[in-house]
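Everything below concerns the one structure shown next.
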Amino acid sequence: MRFIGDIHGAFNDYANFYTVGADESIQVGDFGIGFGSDFWHSKIEDWQIQNPKHQFIRGNHDDPEKCATMPGYIKDGYVKDDMMFVGGAYSIDKHIRLANDWPWWENEQLSYREFEQIMDIYSVVKPNIMITHDCPQFAARHLFFDSGLCRGKQEPTITGQALEAMFRIHQPKLWIFGHYHIPMDRRLANTTFICVADNNYADINLEDFR
């Protein structure tokens with residue numbers, strides 16, 4: 001399976017390069033849904049209808065309502081083939097976007113109530129593979145902040161804390177995510193964490209983790 005990192009609106013690269021050679025793919029959020037024109041979104045919809053095995057979850061640079069109307073969208077909390085999907089994240093660039101009148105969505109993160117519902121499913125299903133935009137807070141700290149790969153102070157977020165709570169309930173074998181734009185493949189506890197770099201992709205044999 002091919003996993004594609006944040007593309008931030010680079011749809012032509014996504015369609016003509018990142019998905020080429022893969023029978024199916026999942027883009028791990030920050031597709032850029034909600035930033036482009038109606039024509040741009042129609043172009044994506046047409047492509048997704050023609051390529052139904054190339055799907056995406058939402059990131060913090062995606063309009064949650066608009067994503068829900070797109071043919072290739074995988075909704076939060078969806079479970080399939082031992083995989084669970086959870087999108088959304090906190091935007092550290094919120095103030096910049098608001099100051100420049102760029103799109104920002106108040107519901108970019110799931111609410112506590114929505115996470116509670118997903119957590120109930122997670123605790124029963126116990127998926128071996130998690131596909132998310134963000135990652136558990138402790139994992140981000142170990143992988144990016146303590147190492148200095150991400151500058152500044154790590155801010156606690158609803159998404160990071162909720163994903164960490166899910167990790168405490170059950171440690172999947174594999175956790176694939178984007179958001180941090182830095183390629184990473186490291187094992188923490190019983191889980192292999194793979195961060196797919198922005199404008200790049202990783203081909204992963206999921207059967208190794210099932």
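Chain labels A, B, ... are given in the sequence in which chains occur in the structure tokens; within each chain residues are numbered consecutively from 1, and ligands are likewise numbered from 1 in the order shown.
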
Expected answer as an MDAnalysis selection string: strand (DSSP E) residues in segment 11-210 of chain A: chainID A and resid 25:27 54:56 78:80 83:86 129:132 174:177 184:188 191:195 201:203

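With only C-alpha atoms taken into account, the protein and nucleic acid residues at most 12 Å from Gly34 of chain A (excluding it and anything under 3 positions from it in its own chain) are His8, Gly9, Asp30, Phe31, Ser37, Asp38, Phe39, Trp40, His41, Ser42, Ile44, Arg58, Gly59, Asn60, His61, Asp62, Asp63, Pro64, Glu65, Lys66, Cys67, Ala68, Thr69, Met70, Trp102, Pro103, Trp104, Trp105 and Glu108 of chain A.
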
If you run DSSP on the backbone here, which positions in segment 42-120 of chain A get helix (DSSP H, G or I)? Please write them as a PyMOL selection string. chain A and resi 42-50+64-67+94-99+112-120

Keeping C-alpha atoms, export the residues of the selection given above as a PDB file, in the first residue's frame.
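Output contents, as saved in out-v1.pdb:
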```
ATOM      1  CA  SER A  42     -14.436  19.591  -9.162  1.00  0.00           C
ATOM      2  CA  LYS A  43     -11.239  18.418 -10.844  1.00  0.00           C
ATOM      3  CA  ILE A  44     -10.297  16.443  -7.724  1.00  0.00           C
ATOM      4  CA  GLU A  45     -13.780  14.946  -7.428  1.00  0.00           C
ATOM      5  CA  ASP A  46     -13.705  13.792 -11.061  1.00  0.00           C
ATOM      6  CA  TRP A  47     -10.277  12.203 -10.539  1.00  0.00           C
ATOM      7  CA  GLN A  48     -11.376  10.470  -7.334  1.00  0.00           C
ATOM      8  CA  ILE A  49     -14.456   9.019  -9.039  1.00  0.00           C
ATOM      9  CA  GLN A  50     -12.198   7.596 -11.752  1.00  0.00           C
ATOM     10  CA  PRO A  64     -13.931  19.028   7.467  1.00  0.00           C
ATOM     11  CA  GLU A  65     -17.333  19.749   5.872  1.00  0.00           C
ATOM     12  CA  LYS A  66     -15.947  19.913   2.349  1.00  0.00           C
ATOM     13  CA  CYS A  67     -13.941  16.713   2.871  1.00  0.00           C
ATOM     14  CA  LYS A  94      -3.792  29.451  13.062  1.00  0.00           C
ATOM     15  CA  HIS A  95      -2.858  33.040  13.929  1.00  0.00           C
ATOM     16  CA  ILE A  96      -1.091  33.535  10.600  1.00  0.00           C
ATOM     17  CA  ARG A  97      -4.047  32.221   8.637  1.00  0.00           C
ATOM     18  CA  LEU A  98      -6.538  34.362  10.527  1.00  0.00           C
ATOM     19  CA  ALA A  99      -4.360  37.459  10.210  1.00  0.00           C
ATOM     20  CA  TYR A 112     -13.550  15.299  23.220  1.00  0.00           C
ATOM     21  CA  ARG A 113     -16.970  13.726  22.721  1.00  0.00           C
ATOM     22  CA  GLU A 114     -16.112  12.589  19.195  1.00  0.00           C
ATOM     23  CA  PHE A 115     -12.850  11.103  20.423  1.00  0.00           C
ATOM     24  CA  GLU A 116     -14.678   9.273  23.208  1.00  0.00           C
ATOM     25  CA  GLN A 117     -16.893   7.618  20.604  1.00  0.00           C
ATOM     26  CA  ILE A 118     -13.902   6.652  18.472  1.00  0.00           C
ATOM     27  CA  MET A 119     -12.060   5.407  21.546  1.00  0.00           C
ATOM     28  CA  ASP A 120     -14.973   3.105  22.371  1.00  0.00           C
TER      29      ASP A 120
END
```

Show which residues sit within 7 Å of segment 18-22 of chain A, as a PyMOL selection string. Count only C-alpha atoms, and ignore same-chain residues fewer than 6 positions away. chain A and resi 2+4+200-201

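The residue that comes closest to Met130 of chain A, out of A:Gly77, A:Pro71, A:Gly152, A:Gly88 and on the basis of only C-alpha atoms, is A:Gly77.
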
As an MDAnalysis selection string, please: the residues near Met184 of chain A (cut-off 12 Å, only C-alpha atoms, same-chain neighbours under 2 positions excluded). chainID A and resid 5 139:140 142:144 147 149 175:182 186:188 192:198 201:202

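Each of A:His54, A:Ala15, A:Lys80, A:His170 was checked against Met1 of chain A using only C-alpha atoms; the smallest atom-to-atom distance is that of A:His54.
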
Given only C-alpha atoms as the basis, pick out the residue of A:Gly160, A:Gly87, A:Pro172, A:Gly36 nearest to Lys126 of chain A. A:Pro172
